[in-house]
Structures are given as C-alpha cells and as structure tokens.
$ cat start00.txt   # compact mmCIF, C-alpha atoms and all ligand atoms
# COMPACT_ATOMS: atom_id res chain seq x y z
CA MET U 1 -66.12 9.57 1.49
CA SER U 2 -65.87 13.31 1.68
CA ALA U 3 -63.94 15.05 -1.08
CA VAL U 4 -61.98 16.88 1.60
CA ALA U 5 -60.03 14.39 3.71
CA ASP U 6 -57.52 15.20 6.44
CA ILE U 7 -54.04 16.05 5.13
CA GLY U 8 -52.50 13.72 7.69
CA GLY U 9 -55.13 11.03 7.53
CA ARG U 10 -53.20 8.51 5.50
CA ALA U 11 -55.48 5.80 6.81
CA GLY U 12 -59.13 6.05 5.92
CA HIS U 13 -59.05 6.75 2.20
CA SER U 14 -61.07 4.02 0.59
CA ALA U 15 -59.89 2.47 -2.65
CA ALA U 16 -63.08 3.72 -4.26
CA ALA U 17 -62.41 7.28 -3.08
CA ARG U 18 -58.85 7.08 -4.40
CA ALA U 19 -60.10 5.73 -7.71
CA ARG U 20 -62.52 8.66 -7.95
CA GLY U 21 -59.65 11.05 -7.17
CA GLU U 22 -61.48 12.26 -4.08
CA VAL U 23 -58.57 12.19 -1.62
CA ARG U 24 -57.82 15.83 -0.94
CA ALA U 25 -55.51 17.83 1.25
CA GLU U 26 -56.91 19.25 4.46
CA GLY U 27 -59.02 22.28 3.70
CA HIS U 28 -57.47 24.72 6.11
CA VAL U 29 -53.84 24.51 4.97
CA VAL U 30 -55.04 24.97 1.38
CA LEU U 31 -57.32 27.82 2.41
CA ARG U 32 -54.50 29.54 4.34
CA PHE U 33 -52.30 29.51 1.24
CA LEU U 34 -55.12 30.87 -0.93
CA VAL U 35 -56.09 33.61 1.54
CA LEU U 36 -52.48 34.73 2.00
CA SER U 37 -51.97 34.60 -1.77
CA VAL U 38 -54.79 37.08 -2.37
CA ILE U 39 -53.67 39.29 0.55
CA HIS U 40 -50.17 39.42 -1.00
CA LEU U 41 -51.66 40.22 -4.41
CA PHE U 42 -53.65 42.99 -2.76
CA ILE U 43 -50.51 44.50 -1.18
CA GLY U 44 -48.56 44.11 -4.45
CA THR U 45 -51.22 45.66 -6.64
CA VAL U 46 -51.75 48.59 -4.24
CA GLN U 47 -47.99 49.17 -4.40
CA GLY U 48 -48.11 48.80 -8.21
CA VAL U 49 -50.77 51.49 -8.51
CA ILE U 50 -48.93 53.81 -6.07
CA GLN U 51 -45.69 53.52 -8.03
CA THR U 52 -47.43 54.68 -11.21
CA PHE U 53 -47.99 58.12 -9.61
CA PRO U 54 -45.59 60.51 -11.38
CA GLY U 55 -44.15 61.94 -8.13
CA VAL U 56 -43.55 58.47 -6.69
CA ALA U 57 -42.09 57.14 -9.95
CA GLN U 58 -39.73 60.10 -10.12
CA TRP U 59 -38.70 59.70 -6.44
CA LEU U 60 -37.95 56.00 -7.06
CA ARG U 61 -35.98 56.71 -10.24
CA GLU U 62 -33.91 59.43 -8.57
CA ALA U 63 -33.25 57.19 -5.55
CA GLY U 64 -31.24 54.90 -7.87
CA PRO U 65 -30.33 51.51 -6.32
CA ALA U 66 -32.45 52.30 -3.24
CA GLY U 67 -35.48 52.87 -5.47
CA HIS U 68 -34.68 49.52 -7.16
CA LEU U 69 -35.24 47.78 -3.80
CA ILE U 70 -38.86 49.01 -3.81
CA ASP U 71 -39.56 48.79 -7.54
CA PRO U 72 -39.10 46.22 -8.95
CA LEU U 73 -37.66 44.00 -6.19
CA ALA U 74 -40.26 44.32 -3.41
CA HIS U 75 -43.11 44.61 -5.94
CA ALA U 76 -42.01 41.61 -8.04
CA HIS U 77 -41.59 39.29 -5.03
CA ILE U 78 -44.77 40.15 -3.13
CA ASN U 79 -46.73 39.54 -6.35
CA LEU U 80 -44.81 36.58 -7.78
CA VAL U 81 -43.66 34.76 -4.63
CA GLY U 82 -46.40 35.86 -2.21
CA GLY U 83 -49.25 35.97 -4.73
CA VAL U 84 -48.59 33.65 -7.66
CA THR U 85 -46.44 30.89 -6.18
CA MET U 86 -48.16 30.75 -2.78
CA GLY U 87 -51.46 30.44 -4.64
CA MET U 88 -49.92 27.63 -6.68
CA MET U 89 -48.66 25.94 -3.51
CA GLY U 90 -52.21 25.91 -2.11
CA LEU U 91 -53.62 24.52 -5.35
CA ILE U 92 -50.87 21.88 -5.58
CA TYR U 93 -51.56 20.79 -1.98
CA TYR U 94 -55.22 20.55 -2.99
CA VAL U 95 -54.87 18.47 -6.16
CA LEU U 96 -51.82 16.32 -5.33
CA PRO U 97 -53.49 13.82 -2.96
CA GLY U 98 -56.21 13.20 -5.54
CA LEU U 99 -53.60 12.60 -8.22
CA VAL U 100 -51.44 10.17 -6.26
CA GLY U 101 -54.27 8.59 -4.25
CA ARG U 102 -52.81 9.30 -0.80
CA SER U 103 -52.55 12.19 1.62
CA VAL U 104 -49.79 14.76 1.56
CA TYR U 105 -46.65 13.17 3.08
CA SER U 106 -46.23 15.51 6.05
CA PRO U 107 -48.81 17.92 7.53
CA ALA U 108 -46.01 19.38 9.66
CA LEU U 109 -43.94 20.15 6.56
CA ALA U 110 -47.05 21.65 4.91
CA GLY U 111 -47.52 23.93 7.94
CA ALA U 112 -43.81 24.82 7.92
CA SER U 113 -43.90 25.63 4.20
CA PHE U 114 -46.86 27.95 4.83
CA TRP U 115 -45.37 29.84 7.78
CA LEU U 116 -41.84 30.11 6.36
CA SER U 117 -43.15 31.36 3.00
CA THR U 118 -45.50 33.84 4.65
CA VAL U 119 -43.04 35.26 7.18
CA GLY U 120 -40.28 35.14 4.55
CA VAL U 121 -42.10 36.98 1.78
CA LEU U 122 -43.68 39.59 4.08
CA GLY U 123 -40.32 40.08 5.81
CA PHE U 124 -38.53 40.38 2.45
CA PHE U 125 -41.16 42.84 1.17
CA PHE U 126 -41.20 45.12 4.22
CA SER U 127 -37.39 44.97 4.56
CA LEU U 128 -36.93 46.01 0.93
CA VAL U 129 -39.54 48.77 1.15
CA GLY U 130 -38.20 50.01 4.51
CA LEU U 131 -34.56 49.96 3.41
CA GLY U 132 -35.54 51.54 0.08
CA ILE U 133 -37.31 54.44 1.83
CA VAL U 134 -34.52 55.02 4.38
CA GLU U 135 -31.65 54.75 1.90
CA GLY U 136 -33.65 56.58 -0.80
CA ASN U 137 -34.15 59.53 1.55
CA MET U 138 -30.41 59.59 2.25
CA ILE U 139 -29.65 59.58 -1.49
CA HIS U 140 -32.22 62.34 -2.05
CA GLY U 141 -30.48 64.24 0.76
CA GLY U 142 -27.24 64.22 -1.23
CA MET U 143 -25.50 61.00 -0.21
CA THR U 144 -24.14 58.49 -2.71
CA ASN U 145 -25.54 54.95 -2.60
CA ALA U 146 -22.29 53.73 -1.01
CA GLU U 147 -22.57 56.36 1.74
CA ALA U 148 -26.22 55.44 2.36
CA LEU U 149 -25.34 51.73 2.58
CA ASN U 150 -22.51 52.57 4.95
CA ALA U 151 -24.81 54.65 7.14
CA VAL U 152 -27.38 51.85 7.38
CA GLY U 153 -24.65 49.30 8.07
CA SER U 154 -25.00 45.53 8.27
CA VAL U 155 -28.76 45.76 8.97
CA HIS U 156 -29.24 46.08 5.20
CA HIS U 157 -27.67 42.70 4.42
CA VAL U 158 -28.90 40.94 7.57
CA LEU U 159 -32.55 41.80 6.82
CA ILE U 160 -32.38 40.86 3.15
CA ILE U 161 -30.39 37.64 3.62
CA THR U 162 -32.42 36.43 6.64
CA THR U 163 -35.78 36.96 4.95
CA ALA U 164 -34.43 35.51 1.67
CA PHE U 165 -33.45 32.35 3.59
CA LEU U 166 -36.90 32.15 5.21
CA MET U 167 -38.52 32.30 1.75
CA GLY U 168 -36.01 29.71 0.53
CA PHE U 169 -36.78 27.36 3.44
CA GLY U 170 -40.51 27.81 2.72
CA TYR U 171 -39.97 26.75 -0.89
CA TRP U 172 -37.70 23.84 0.05
CA ALA U 173 -40.16 22.55 2.69
CA PHE U 174 -42.90 22.66 0.04
CA ILE U 175 -40.74 21.06 -2.66
CA SER U 176 -39.58 18.23 -0.40
CA ASN U 177 -43.15 17.59 0.79
CA VAL U 178 -44.39 17.32 -2.80
CA LEU U 179 -41.54 15.00 -3.84
CA LEU U 180 -41.97 12.83 -0.72
CA THR U 181 -45.72 12.64 -1.36
CA VAL U 182 -45.13 11.44 -4.90
CA ALA U 183 -42.44 8.98 -3.81
CA ASN U 184 -44.16 7.77 -0.63
CA LYS U 185 -45.41 4.22 -0.94
CA ARG U 186 -47.06 4.09 2.47
CA GLY U 187 -50.14 6.26 2.01
CA GLY U 188 -53.78 5.33 1.88
C1 LIG N 1 -52.70 46.79 -10.20
C2 LIG N 1 -51.73 45.98 -10.55
C3 LIG N 1 -50.31 46.38 -10.86
C4 LIG N 1 -49.78 47.61 -11.17
C5 LIG N 1 -50.47 48.95 -11.29
C6 LIG N 1 -48.36 47.38 -11.40
C7 LIG N 1 -47.45 48.37 -11.71
C8 LIG N 1 -46.11 48.16 -11.96
C9 LIG N 1 -45.16 49.20 -12.24
C10 LIG N 1 -45.48 50.69 -12.33
C11 LIG N 1 -43.95 48.61 -12.43
C12 LIG N 1 -42.63 49.30 -12.70
C13 LIG N 1 -42.33 49.36 -14.12
C14 LIG N 1 -40.99 50.06 -14.31
O1 LIG N 1 -40.37 50.49 -13.32
O2 LIG N 1 -40.56 50.16 -15.45
C15 LIG N 1 -44.13 47.18 -12.26
C16 LIG N 1 -43.15 46.26 -12.38
C17 LIG N 1 -43.33 44.91 -12.21
N1 LIG N 1 -44.51 44.28 -11.89
FE1 LIG N 1 -46.27 45.16 -11.50
N2 LIG N 1 -48.09 46.06 -11.22
C18 LIG N 1 -49.24 45.41 -10.90
C19 LIG N 1 -49.40 44.07 -10.64
C20 LIG N 1 -48.42 43.12 -10.81
C21 LIG N 1 -48.62 41.70 -10.62
C22 LIG N 1 -49.96 41.06 -10.22
C23 LIG N 1 -47.43 41.10 -10.88
C24 LIG N 1 -47.06 39.67 -10.84
C25 LIG N 1 -47.91 38.68 -10.72
C26 LIG N 1 -46.48 42.15 -11.21
C27 LIG N 1 -45.16 41.95 -11.53
C28 LIG N 1 -44.27 42.93 -11.82
C29 LIG N 1 -42.87 42.67 -12.10
C30 LIG N 1 -42.18 41.32 -12.12
C31 LIG N 1 -42.27 43.92 -12.33
C32 LIG N 1 -40.83 44.19 -12.62
C33 LIG N 1 -40.58 44.13 -14.07
C34 LIG N 1 -39.09 44.38 -14.27
O3 LIG N 1 -38.31 43.45 -14.09
O4 LIG N 1 -38.75 45.53 -14.55
N3 LIG N 1 -47.11 43.36 -11.14
N4 LIG N 1 -45.45 46.95 -11.96
C1 LIG N 2 -36.26 32.17 -2.10
C2 LIG N 2 -36.81 32.79 -3.09
C3 LIG N 2 -36.24 33.99 -3.79
C4 LIG N 2 -35.26 34.86 -3.42
C5 LIG N 2 -34.43 34.85 -2.15
C6 LIG N 2 -35.13 35.84 -4.48
C7 LIG N 2 -34.22 36.89 -4.47
C8 LIG N 2 -34.02 37.77 -5.52
C9 LIG N 2 -33.03 38.81 -5.56
C10 LIG N 2 -31.98 39.07 -4.48
C11 LIG N 2 -33.18 39.46 -6.73
C12 LIG N 2 -32.39 40.71 -7.19
C13 LIG N 2 -31.35 40.46 -8.19
C14 LIG N 2 -30.71 41.80 -8.53
O1 LIG N 2 -31.37 42.84 -8.52
O2 LIG N 2 -29.53 41.78 -8.80
C15 LIG N 2 -34.28 38.88 -7.45
C16 LIG N 2 -34.78 39.30 -8.65
C17 LIG N 2 -35.94 38.84 -9.21
N1 LIG N 2 -36.71 37.79 -8.78
FE1 LIG N 2 -36.38 36.71 -7.11
N2 LIG N 2 -36.03 35.56 -5.47
C18 LIG N 2 -36.73 34.44 -5.09
C19 LIG N 2 -37.73 33.82 -5.80
C20 LIG N 2 -38.31 34.34 -6.93
C21 LIG N 2 -39.42 33.73 -7.62
C22 LIG N 2 -40.05 32.40 -7.22
C23 LIG N 2 -39.75 34.55 -8.64
C24 LIG N 2 -40.84 34.43 -9.66
C25 LIG N 2 -41.86 33.60 -9.55
C26 LIG N 2 -38.82 35.68 -8.60
C27 LIG N 2 -38.82 36.74 -9.48
C28 LIG N 2 -37.81 37.68 -9.58
C29 LIG N 2 -37.78 38.70 -10.59
C30 LIG N 2 -38.82 38.94 -11.68
C31 LIG N 2 -36.61 39.44 -10.35
C32 LIG N 2 -36.08 40.61 -11.18
C33 LIG N 2 -36.66 41.87 -10.71
C34 LIG N 2 -36.04 42.96 -11.54
O3 LIG N 2 -34.93 43.41 -11.22
O4 LIG N 2 -36.66 43.37 -12.53
N3 LIG N 2 -37.97 35.52 -7.55
N4 LIG N 2 -34.78 37.84 -6.69
$ encode --input "start00.txt" --output "structure tokens"
Amino acid sequence: MSAVADIGGRAGHSAAARARGEVRAEGHVVLRFLVLSVIHLFIGTVQGVIQTFPGVAQWLREAGPAGHLIDPLAHAHINLVGGVTMGMMGLIYYVLPGLVGRSVYSPALAGASFWLSTVGVLGFFFSLVGLGIVEGNMIHGGMTNAEALNAVGSVHHVLIITTAFLMGFGYWAFISNVLLTVANKRGG
C-alpha cells in the first residue's frame, strides 16, 4: 500500500497499512497548502524587509492608523495566517489520516478550506495594503484619519469584513473537517 493514498478513498486502506500509519491525505491538497504557505511567507518577508527601510518606516509611522493597516496588520496576517497556519493545515491534512487510520472526512471540505483560506488571506493582505497606501497618502496630504476614512467610504469596511469572513470560513471548513475526520466512524 502506498504511503500516499487518496484523500477521498475511504475504501482501500488495508488494516495492515492503517496499523503501519501509512494512510495519508492526497498529495496534491497537502502540496497546495505547503506551496501557498511558502509563497505567503515570501510575500510577508519581502514586506518585512521593505518596512525596515527608514523612509518606509517613517512614512508608515506618520500615516498613523492607515500605516497600522500595512504594518503590523497586513504583515502579521500574511505571515501568520497565510504562512504559518496554512503550512500547519497542510501538515495536519498529511498526518491526520495516518493517526486515525482513515482518510480525511471530506475532500470537498479540504478543497474549500484551501481556496477560502487562500483567497481570504490574499484578499485581506492586498485590501489592507491598498487601503493603507490610499488612506496613508491622504493623511500625508493633510487629512485626519476620520476624513480619509470618510473619503474612502464604505469600501474600507466592505473589503476588510468580506476578506475577514473568507479567511474565517477557510478556518472553519478546515476545523470542521478535522473534527469530523476524528469523529467519523465510517472510514477505512
Ligand atoms: C525577513 C523577515 C521579516 C522581517 C524583515 C520582518 C520585519 C518586521 C518589522 C519591521 C515589523 C514592525 C515592527 C514595528 O513596527 O515595531 C514586524 C512586525 C511583525 N512581524 Fe515581521 N518580519 C519578518 C518576518 C516575519 C514572520 C515570518 C512573521 C510571522 C511568522 C512575522 C510576524 C510579525 C508580527 C506578528 C509583527 C507585528 C508585531 C506587533 O504586534 O507589533 N514577521 N516585522
Ligand atoms: C479569520 C481569521 C482572522 C481574522 C479575520 C483576523 C483579524 C484581525 C484584526 C481585525 C486584527 C486587528 C485588531 C486591531 O488592530 O484592533 C487582528 C490583529 C492581529 N491578529 Fe488576526 N485575525 C485572524 C486570524 C489570526 C491568526 C490565526 C493569527 C495568528 C496565528 C492572527 C494574528 C494577529 C496578530 C498578531 C494581531 C495583532 C497585530 C498587531 O496589532 O500588532 N490573526 N486580527
């Protein structure tokens, strides 16, 4: 029995393979999580280096709450949600079937958790950076933060709340899939 079995192939895992802990999640959902995790870490660390430049750091500081959207909010989430926790999700999808001796409960939910997390965290990141630059420029041009928020209008909240929900749904799809996998008595 191959160490990499299909994520949806609940049938076909031999008792011996389960006993050896060889039942594994499908390679490509795991690989997608790992590849996106390192891409997010790349984006986050490039941003981290850029925001150490004195001119950039000063611009962010003087942009006040708009600068806060870029550093730390966008930076923290692309690294911690996109990099660290999406990497963990991939690793958990990889080890869980071996631990419980059956495939991940739902391949569809695994796919949903991947796409929602990816679109959510990239959307959150680019929304925060975009809004931070636009509102930061307004503040640098002499506006108060309240005036800048007013000028941008509801787009500010719509972008942040929508992408926050997408990230949330990504997490909840993942969490429910893990709990259902552990609780599921039908596998194997
Ligand atoms: C080349 C790599 C990195 C560089 C150069 C970098 C740089 C920075 C800088 C300059 C700040 C702002 C500090 C401040 O405003 O006082 C910051 C904040 C932060 N970084 Fe990074 N960073 C890097 C990678 C990471 C990674 C990989 C993570 C997470 C896994 C991370 C998580 C954070 C967090 C959470 C904050 C906000 C801390 C707070 O709450 O103030 N960073 N980083
Ligand atoms: C659905 C998922 C998430 C959403 C929608 C979300 C949203 C937010 C928001 C709106 C803030 C800003 C609070 C404020 O400035 O008043 C925040 C702060 C923060 N979040 Fe998240 N978050 C999520 C998940 C996470 C996770 C999983 C981590 C870590 C693994 C994390 C790490 C942080 C950190 C370090 C800060 C503080 C940054 C700072 O101001 O220094 N977040 N988050």
$ residues_near_ligand --input "start00.txt" --ligand "ligand LIG 1 (chain N)" --cutoff "10 Å" --atoms "all atoms listed in the file" --output "PyMOL selection string"
chain U and resi 40-54+56-57+60-61+67-68+70-85
$ atom_distance --input "start00.txt" --atom1 "CA of Leu116 (chain U)" --atom2 "CA of Gly101 (chain U)"
27.0 Å
$ axis_aligned_box --input "start00.txt" --around "ligand LIG 2 (chain N)" --padding-each-side "6 Å" --output "AutoDock Vina command-line options"
--center_x -35.7 --center_y 37.8 --center_z -7.3 --size_x 24.3 --size_y 23.2 --size_z 22.4
$ atom_distance --input "start00.txt" --atom1 "CA of Trp115 (chain U)" --atom2 "atom C33 of ligand LIG 2 (chain N)"
23.7 Å
$ atom_distance --input "start00.txt" --atom1 "atom C19 of ligand LIG 2 (chain N)" --atom2 "CA of Leu69 (chain U)"
14.3 Å
